[in-house]
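**Q** If it helps, the file is called protein32.cif and holds mmCIF, C-alpha atoms and all ligand atoms:
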data_structure
#
loop_
_atom_site.group_PDB
_atom_site.id
_atom_site.type_symbol
_atom_site.label_atom_id
_atom_site.label_comp_id
_atom_site.auth_asym_id
_atom_site.auth_seq_id
_atom_site.Cartn_x
_atom_site.Cartn_y
_atom_site.Cartn_z
ATOM 1 C CA MET A 18 -5.421 -0.075 -19.673
ATOM 2 C CA VAL A 19 -8.954 1.360 -19.490
ATOM 3 C CA ARG A 20 -10.277 2.239 -22.964
ATOM 4 C CA MET A 21 -11.907 5.662 -22.977
ATOM 5 C CA ASP A 22 -15.054 4.343 -24.676
ATOM 6 C CA GLU A 23 -15.439 1.635 -21.991
ATOM 7 C CA MET A 24 -14.646 3.891 -19.070
ATOM 8 C CA LEU A 25 -17.154 3.916 -16.244
ATOM 9 C CA LYS A 26 -18.575 7.396 -15.707
ATOM 10 C CA ILE A 27 -21.228 8.345 -13.177
ATOM 11 C CA GLU A 28 -22.428 11.925 -12.966
ATOM 12 C CA THR A 29 -23.951 13.212 -9.749
ATOM 13 C CA SER A 30 -25.237 16.718 -9.153
ATOM 14 C CA ARG A 31 -21.784 18.132 -8.311
ATOM 15 C CA LEU A 32 -19.295 15.375 -9.191
ATOM 16 C CA LEU A 33 -18.046 13.021 -11.842
ATOM 17 C CA LEU A 34 -17.045 9.510 -10.756
ATOM 18 C CA ARG A 35 -14.916 7.702 -13.294
ATOM 19 C CA ASP A 36 -12.430 4.868 -13.703
ATOM 20 C CA PHE A 37 -8.829 5.728 -12.964
ATOM 21 C CA LEU A 38 -6.303 6.406 -15.710
ATOM 22 C CA PRO A 39 -2.547 5.789 -15.254
ATOM 23 C CA GLU A 40 -1.896 9.544 -15.227
ATOM 24 C CA ASP A 41 -4.113 9.981 -12.133
ATOM 25 C CA PHE A 42 -1.560 8.573 -9.704
ATOM 26 C CA GLU A 43 0.079 11.818 -8.551
ATOM 27 C CA ALA A 44 -3.271 13.517 -7.884
ATOM 28 C CA LEU A 45 -4.546 10.477 -5.982
ATOM 29 C CA PHE A 46 -1.380 10.265 -3.895
ATOM 30 C CA ALA A 47 -1.361 14.026 -3.231
ATOM 31 C CA ALA A 48 -4.902 13.778 -1.842
ATOM 32 C CA VAL A 49 -3.727 11.470 0.962
ATOM 33 C CA GLN A 50 -0.641 13.468 1.982
ATOM 34 C CA ASP A 51 -2.198 15.195 4.955
ATOM 35 C CA PRO A 52 -1.786 14.566 8.708
ATOM 36 C CA ASP A 53 -5.554 14.745 9.389
ATOM 37 C CA TYR A 54 -6.099 12.167 6.677
ATOM 38 C CA GLN A 55 -3.302 9.909 7.896
ATOM 39 C CA GLN A 56 -4.028 9.855 11.626
ATOM 40 C CA PHE A 57 -6.088 6.654 11.500
ATOM 41 C CA TYR A 58 -3.749 4.738 9.210
ATOM 42 C CA THR A 59 -0.539 2.819 9.731
ATOM 43 C CA GLU A 60 2.669 4.443 8.549
ATOM 44 C CA GLU A 61 2.947 1.794 5.837
ATOM 45 C CA GLU A 62 -0.504 2.732 4.507
ATOM 46 C CA THR A 63 0.681 6.278 3.822
ATOM 47 C CA THR A 64 3.798 5.458 1.792
ATOM 48 C CA ARG A 65 4.255 5.954 -1.927
ATOM 49 C CA GLU A 66 5.038 2.236 -2.383
ATOM 50 C CA PHE A 67 1.771 1.236 -0.710
ATOM 51 C CA TRP A 68 -0.252 3.606 -2.908
ATOM 52 C CA GLU A 69 1.565 2.574 -6.071
ATOM 53 C CA ALA A 70 0.673 -1.063 -5.411
ATOM 54 C CA LEU A 71 -2.932 -0.140 -4.553
ATOM 55 C CA PHE A 72 -3.216 2.022 -7.661
ATOM 56 C CA ALA A 73 -1.918 -0.803 -9.878
ATOM 57 C CA ARG A 74 -4.615 -3.076 -8.420
ATOM 58 C CA MET A 75 -7.287 -0.417 -9.051
ATOM 59 C CA LEU A 76 -6.255 -0.140 -12.713
ATOM 60 C CA ASP A 77 -6.242 -3.934 -13.121
ATOM 61 C CA ALA A 78 -9.622 -4.323 -11.428
ATOM 62 C CA ALA A 79 -11.203 -1.816 -13.825
ATOM 63 C CA THR A 80 -10.349 -3.973 -16.838
ATOM 64 C CA ALA A 81 -10.953 -7.416 -15.332
ATOM 65 C CA GLU A 82 -13.086 -9.767 -17.449
ATOM 66 C CA ASP A 83 -15.598 -10.428 -14.706
ATOM 67 C CA ARG A 84 -15.466 -7.073 -12.967
ATOM 68 C CA GLN A 85 -16.011 -7.227 -9.204
ATOM 69 C CA VAL A 86 -14.493 -3.931 -8.086
ATOM 70 C CA TYR A 87 -15.784 -0.458 -8.798
ATOM 71 C CA GLN A 88 -13.117 1.742 -7.239
ATOM 72 C CA VAL A 89 -13.364 5.101 -8.949
ATOM 73 C CA ALA A 90 -11.857 8.574 -9.009
ATOM 74 C CA ILE A 91 -14.007 11.353 -7.540
ATOM 75 C CA CYS A 92 -13.639 14.463 -9.715
ATOM 76 C CA LEU A 93 -15.041 17.967 -9.769
ATOM 77 C CA PRO A 94 -16.863 18.847 -13.009
ATOM 78 C CA GLU A 95 -13.808 20.835 -14.185
ATOM 79 C CA GLY A 96 -11.779 17.625 -13.951
ATOM 80 C CA GLU A 97 -9.838 17.981 -10.684
ATOM 81 C CA LEU A 98 -9.437 14.644 -8.891
ATOM 82 C CA ILE A 99 -10.371 15.072 -5.203
ATOM 83 C CA GLY A 100 -10.523 11.486 -3.945
ATOM 84 C CA ASN A 101 -11.674 7.947 -4.515
ATOM 85 C CA CYS A 102 -14.430 5.621 -3.437
ATOM 86 C CA GLY A 103 -15.485 2.118 -4.251
ATOM 87 C CA VAL A 104 -17.466 -1.038 -3.706
ATOM 88 C CA ARG A 105 -15.669 -4.379 -3.974
ATOM 89 C CA LEU A 106 -17.368 -7.747 -4.157
ATOM 90 C CA GLU A 107 -15.047 -9.561 -1.723
ATOM 91 C CA ASP A 108 -17.052 -12.772 -1.268
ATOM 92 C CA LYS A 109 -19.003 -13.678 -4.380
ATOM 93 C CA LYS A 110 -20.614 -16.801 -2.941
ATOM 94 C CA ASN A 111 -22.095 -14.924 0.013
ATOM 95 C CA ARG A 112 -22.578 -11.696 -1.972
ATOM 96 C CA GLN A 113 -20.650 -9.545 0.493
ATOM 97 C CA ALA A 114 -19.045 -6.305 -0.660
ATOM 98 C CA SER A 115 -16.740 -3.928 1.142
ATOM 99 C CA PHE A 116 -16.892 -0.198 0.695
ATOM 100 C CA GLY A 117 -14.542 2.710 1.285
ATOM 101 C CA CYS A 118 -13.997 6.364 0.489
ATOM 102 C CA ALA A 119 -11.250 8.952 0.841
ATOM 103 C CA ILE A 120 -11.327 12.633 -0.020
ATOM 104 C CA GLY A 121 -8.518 15.207 0.030
ATOM 105 C CA ARG A 122 -8.507 17.229 3.273
ATOM 106 C CA GLN A 123 -9.354 20.556 1.626
ATOM 107 C CA TYR A 124 -12.628 19.090 0.329
ATOM 108 C CA TRP A 125 -13.953 17.723 3.606
ATOM 109 C CA GLY A 126 -17.146 19.103 5.107
ATOM 110 C CA GLN A 127 -18.954 19.839 1.842
ATOM 111 C CA GLY A 128 -20.959 16.667 1.420
ATOM 112 C CA TYR A 129 -18.824 15.427 -1.488
ATOM 113 C CA ALA A 130 -18.132 12.078 0.184
ATOM 114 C CA LEU A 131 -21.808 11.477 0.862
ATOM 115 C CA GLU A 132 -22.724 12.341 -2.731
ATOM 116 C CA ALA A 133 -20.001 10.134 -4.227
ATOM 117 C CA CYS A 134 -20.571 7.188 -1.880
ATOM 118 C CA SER A 135 -24.299 7.191 -2.336
ATOM 119 C CA ALA A 136 -23.803 7.029 -6.125
ATOM 120 C CA ILE A 137 -21.180 4.263 -6.063
ATOM 121 C CA ILE A 138 -23.195 2.107 -3.638
ATOM 122 C CA ASP A 139 -26.236 2.535 -5.889
ATOM 123 C CA TYR A 140 -24.098 1.516 -8.835
ATOM 124 C CA GLY A 141 -22.683 -1.461 -6.948
ATOM 125 C CA PHE A 142 -26.115 -2.799 -6.001
ATOM 126 C CA ALA A 143 -27.276 -2.331 -9.602
ATOM 127 C CA HIS A 144 -24.280 -3.982 -11.316
ATOM 128 C CA LEU A 145 -22.935 -6.567 -8.879
ATOM 129 C CA PRO A 146 -24.828 -9.386 -7.117
ATOM 130 C CA ILE A 147 -24.450 -7.732 -3.710
ATOM 131 C CA HIS A 148 -26.562 -8.705 -0.702
ATOM 132 C CA ARG A 149 -24.669 -6.750 1.991
ATOM 133 C CA VAL A 150 -22.251 -3.823 1.820
ATOM 134 C CA TYR A 151 -20.019 -3.269 4.843
ATOM 135 C CA ALA A 152 -17.517 -0.633 5.864
ATOM 136 C CA GLU A 153 -14.847 -1.030 8.510
ATOM 137 C CA THR A 154 -13.341 2.070 10.007
ATOM 138 C CA ASN A 155 -11.277 3.124 12.970
ATOM 139 C CA ARG A 156 -13.598 3.633 15.952
ATOM 140 C CA GLU A 157 -12.119 7.106 16.501
ATOM 141 C CA ASN A 158 -12.609 8.184 12.877
ATOM 142 C CA SER A 159 -15.732 10.201 13.595
ATOM 143 C CA ARG A 160 -15.998 11.686 10.088
ATOM 144 C CA ALA A 161 -16.001 8.241 8.510
ATOM 145 C CA ARG A 162 -18.560 7.041 11.059
ATOM 146 C CA ARG A 163 -20.847 10.019 10.405
ATOM 147 C CA LEU A 164 -20.555 9.322 6.698
ATOM 148 C CA ALA A 165 -21.587 5.675 7.185
ATOM 149 C CA GLU A 166 -24.563 6.800 9.302
ATOM 150 C CA ARG A 167 -25.628 9.441 6.760
ATOM 151 C CA LEU A 168 -25.527 6.724 4.122
ATOM 152 C CA GLY A 169 -28.036 4.760 6.193
ATOM 153 C CA MET A 170 -25.612 2.074 7.301
ATOM 154 C CA ARG A 171 -26.153 0.314 10.638
ATOM 155 C CA LEU A 172 -23.456 -0.011 13.267
ATOM 156 C CA GLU A 173 -23.035 -3.785 13.489
ATOM 157 C CA GLY A 174 -20.421 -3.806 16.191
ATOM 158 C CA ILE A 175 -17.111 -2.677 17.554
ATOM 159 C CA LEU A 176 -14.117 -4.965 17.169
ATOM 160 C CA GLN A 177 -12.008 -4.365 20.268
ATOM 161 C CA GLN A 178 -8.309 -3.680 19.850
ATOM 162 C CA GLN A 179 -8.273 -5.079 16.348
ATOM 163 C CA LYS A 180 -5.222 -3.144 15.147
ATOM 164 C CA TYR A 181 -1.916 -2.136 16.648
ATOM 165 C CA PHE A 182 0.010 0.757 15.139
ATOM 166 C CA ARG A 183 1.611 4.049 16.141
ATOM 167 C CA GLY A 184 2.384 2.477 19.532
ATOM 168 C CA ARG A 185 -1.161 1.621 20.657
ATOM 169 C CA TRP A 186 -4.265 -0.523 20.084
ATOM 170 C CA TRP A 187 -7.222 0.741 18.011
ATOM 171 C CA ASP A 188 -10.824 -0.518 17.839
ATOM 172 C CA THR A 189 -12.683 -0.998 14.552
ATOM 173 C CA ALA A 190 -16.309 0.009 13.931
ATOM 174 C CA VAL A 191 -18.213 -2.155 11.435
ATOM 175 C CA TYR A 192 -21.149 -0.665 9.521
ATOM 176 C CA ALA A 193 -23.364 -2.360 6.938
ATOM 177 C CA VAL A 194 -26.454 -2.047 4.809
ATOM 178 C CA LEU A 195 -28.444 -4.848 3.176
ATOM 179 C CA GLU A 196 -29.747 -4.628 -0.370
ATOM 180 C CA GLU A 197 -33.380 -4.471 0.773
ATOM 181 C CA GLU A 198 -32.581 -1.755 3.317
ATOM 182 C CA TRP A 199 -30.814 0.318 0.658
ATOM 183 C CA ARG A 200 -33.715 -0.005 -1.790
ATOM 184 C CA GLU A 201 -36.256 0.772 0.917
ATOM 185 C CA ALA A 202 -34.355 3.921 1.946
ATOM 186 C CA ASP A 203 -34.208 5.004 -1.698
ATOM 187 C CA LYS A 204 -37.996 5.076 -2.111
HETATM 188 C C1 LIG B 301 -14.253 9.926 5.714
HETATM 189 C C2 LIG B 301 -14.300 11.155 4.785
HETATM 190 C C3 LIG B 301 -14.409 10.695 3.334
HETATM 191 C C4 LIG B 301 -15.534 11.994 5.181
HETATM 192 O O1 LIG B 301 -15.512 13.206 4.467
HETATM 193 P P1 LIG B 301 -16.505 14.402 4.876
HETATM 194 O O2 LIG B 301 -16.171 15.558 4.039
HETATM 195 O O3 LIG B 301 -16.518 14.544 6.350
HETATM 196 O O4 LIG B 301 -17.928 13.788 4.490
HETATM 197 P P2 LIG B 301 -19.101 14.441 3.643
HETATM 198 O O5 LIG B 301 -18.642 14.743 2.274
HETATM 199 O O6 LIG B 301 -20.288 13.552 3.767
HETATM 200 O O7 LIG B 301 -19.352 15.822 4.356
HETATM 201 C C5 LIG B 301 -20.107 15.876 5.508
HETATM 202 C C6 LIG B 301 -20.067 17.276 6.074
HETATM 203 O O8 LIG B 301 -20.356 18.212 5.055
HETATM 204 C C7 LIG B 301 -21.454 19.037 5.459
HETATM 205 N N1 LIG B 301 -22.110 19.427 4.211
HETATM 206 C C8 LIG B 301 -21.933 20.637 3.621
HETATM 207 N N2 LIG B 301 -22.621 20.690 2.482
HETATM 208 C C9 LIG B 301 -23.252 19.512 2.343
HETATM 209 C C10 LIG B 301 -24.106 18.973 1.360
HETATM 210 N N3 LIG B 301 -24.437 19.673 0.269
HETATM 211 N N4 LIG B 301 -24.550 17.694 1.505
HETATM 212 C C11 LIG B 301 -24.219 16.972 2.598
HETATM 213 N N5 LIG B 301 -23.400 17.431 3.573
HETATM 214 C C12 LIG B 301 -22.927 18.696 3.447
HETATM 215 C C13 LIG B 301 -22.243 18.161 6.402
HETATM 216 O O9 LIG B 301 -23.062 18.918 7.244
HETATM 217 C C14 LIG B 301 -21.113 17.495 7.151
HETATM 218 O O10 LIG B 301 -20.586 18.391 8.090
HETATM 219 P P3 LIG B 301 -19.902 17.921 9.473
HETATM 220 O O11 LIG B 301 -18.595 17.310 9.080
HETATM 221 O O12 LIG B 301 -19.734 19.198 10.234
HETATM 222 O O13 LIG B 301 -20.835 16.945 10.119
HETATM 223 C C15 LIG B 301 -13.029 12.032 4.965
HETATM 224 O O14 LIG B 301 -12.947 12.454 6.296
HETATM 225 C C16 LIG B 301 -11.743 11.289 4.582
HETATM 226 O O15 LIG B 301 -11.390 11.200 3.407
HETATM 227 N N6 LIG B 301 -11.009 10.775 5.589
HETATM 228 C C17 LIG B 301 -9.754 10.061 5.353
HETATM 229 C C18 LIG B 301 -10.000 8.706 4.758
HETATM 230 C C19 LIG B 301 -10.867 7.857 5.641
HETATM 231 O O16 LIG B 301 -10.687 7.836 6.848
HETATM 232 N N7 LIG B 301 -11.820 7.155 5.037
HETATM 233 C C20 LIG B 301 -12.767 6.340 5.757
HETATM 234 C C21 LIG B 301 -12.397 4.923 5.721
HETATM 235 S S1 LIG B 301 -13.731 3.994 4.963
#
For this file, produce the structure as structure tokens.

**A**
Amino acid sequence: MVRMDEMLKIETSRLLLRDFLPEDFEALFAAVQDPDYQQFYTEEETTREFWEALFARMLDAATAEDRQVYQVAICLPEGELIGNCGVRLEDKKNRQASFGCAIGRQYWGQGYALEACSAIIDYGFAHLPIHRVYAETNRENSRARRLAERLGMRLEGILQQQKYFRGRWWDTAVYAVLEEEWREADK
């Protein structure tokens, strides 16, 4: 369980990013119950069971001894939870971290994802030994791709027909940014 005094909190101009608390589950799950949100995910990835397991891992990761995952709740200043984003050091030896973000449908198109992601990537580079941050997204997920580009990530390549679900093959776009590129862009 995350202790309130140890809880990660990052304030941006319009948002509060913070560690998850057990009582956040319903709000997190509600944010992903939308057909526009779900169109690029497998049916399994939209189930309650899947999200319960993911949420349990998020809570565990926040209290790990040697913390390697900063997967946080994105909240409005009044407290409403509107999504989540995170950086995860997947390969410590090679200093490679993955990154992802999801926002509730009603909050799309307002720059909240960009604001939250920029802050969590900054935090990740500052607190984890990351050399490269990458994001993998469905090639047809144009909002996610625009977000990666606005964050200054490079398109590294397209993985052809990498996933099969909902009766067809889907390509994956891989984006990444190196530590030096991120710092340079920040100047
Ligand atoms: C991917 C996702 C997080 C992107 O959300 P988003 O709201 O499109 O992204 P942003 O918060 O950066 O908003 C960008 C839009 O807000 C507009 N905007 C409005 N005010 C803004 C501001 N103050 N600052 C920046 N952009 C602003 C931008 O012009 C842009 O508009 P556009 O969509 O017409 O180009 C969202 O679509 C989502 O949760 N999808 C489902 C989950 C998913 O697929 N995640 C990606 C896998 S990694």

**Q** List as a count of residues only the protein and nucleic acid residues lying within 9 Å of ligand LIG 301 (chain B), with only C-alpha atoms and all ligand atoms counted.

**A** 44

**Q** Between A:Lys110, A:Arg105, A:Thr59, A:Val89, which is the closest to Trp186 (chain A) once you count all atoms listed in the file?

**A**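 Once distances to Trp186 (chain A) are computed over all atoms listed in the file, the minimum belongs to A:Thr59.
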
**Q** I'd like to know which of A:Ile147, A:Ala79, A:Gln113, A:Glu62 is closest to Glu23 (chain A), using all atoms listed in the file.

**A**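 With all atoms listed in the file as the atom set, the closest residue is A:Ala79.
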
**Q** Which is closest to Asp36 (chain A) among A:Tyr87, A:Trp68, A:Phe142, A:Phe182, if we use only C-alpha atoms?

**A**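 With only C-alpha atoms as the atom set, the closest residue is A:Tyr87.
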
**Q** So which one's closest to Gly103 (chain A), A:Ile137, A:Tyr151, A:Met75, A:Arg65? Using all atoms listed in the file, please.

**A**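 Looking only at the distances to Gly103 (chain A), the closest residue turns out to be A:Ile137.
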
**Q** Take CA of Ala193 (chain A) and CA of Gly174 (chain A) and report the distance between them in Å, one decimal.

**A**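 CA of Gly174 (chain A) lies at a distance of 9.8 Å from CA of Ala193 (chain A).
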
**Q** Just how far from CA of Asn111 (chain A) is CA of Trp199 (chain A), in Å to one decimal?

**A**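 Calculated distance between CA of Trp199 (chain A) and CA of Asn111 (chain A) is 17.6 Å.
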
**Q** Which residue out of A:Glu157, A:Ala143, A:Ala81, A:Thr63 has the minimum interatomic distance to Gln178 (chain A) when only C-alpha atoms are used?

**A** A:Glu157

**Q** To verify the selection step, state as a ChimeraX atom specification which residues the PyMOL selection byres (((chain A and resi 97) around 12) and not hetatm) yields on this input.

**A** /A:32-35,41,43-45,47-48,90-96,98-101,121,124

**Q** Contacts of Ala114 (chain A) at 8 Å or less, counting all atoms listed in the file, minus same-chain residues fewer than 5 places along, as a ChimeraX atom specification?

**A** /A:104-108,147-151

**Q** What does the file look like for those residues with C-alpha atoms, as a compact mmCIF listing (two decimals), keeping the file's coordinate frame?

**A**
# COMPACT_ATOMS: atom_id res chain seq x y z
CA VAL A 104 -17.47 -1.04 -3.71
CA ARG A 105 -15.67 -4.38 -3.97
CA LEU A 106 -17.37 -7.75 -4.16
CA GLU A 107 -15.05 -9.56 -1.72
CA ASP A 108 -17.05 -12.77 -1.27
CA ILE A 147 -24.45 -7.73 -3.71
CA HIS A 148 -26.56 -8.70 -0.70
CA ARG A 149 -24.67 -6.75 1.99
CA VAL A 150 -22.25 -3.82 1.82
CA TYR A 151 -20.02 -3.27 4.84

**Q** For Leu25 (chain A), which of A:Phe42, A:Thr80, A:Thr64, A:Trp187 is the closest residue, counting all atoms listed in the file?

**A**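 Checking each candidate against Leu25 (chain A), we get A:Thr80 as the closest.
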
**Q** Please report the interatomic distance between CA of Arg171 (chain A) and CA of Gly141 (chain A) in Å with one decimal.

**A** 18.0 Å

**Q** Give the padded box for region 84-90 of chain A as lines of an AutoDock Vina configuration file: axis-aligned, covering all atoms listed in the file, 8 Å on each side, centre and edge lengths in Å to one decimal.

**A**
center_x = -13.9
center_y = 0.7
center_z = -10.1
size_x = 20.2
size_y = 31.8
size_z = 21.7

**Q** Can you translate the PyMOL selection byres (((chain A and resi 188) around 6) and not hetatm) into the concrete residues it hits in this file, as a list in words?

**A**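 Taken on the displayed file, the PyMOL selection byres (((chain A and resi 188) around 6) and not hetatm) yields the residues Arg156, Leu176, Gln177, Gln178, Gln179, Trp187 and Thr189 of chain A.
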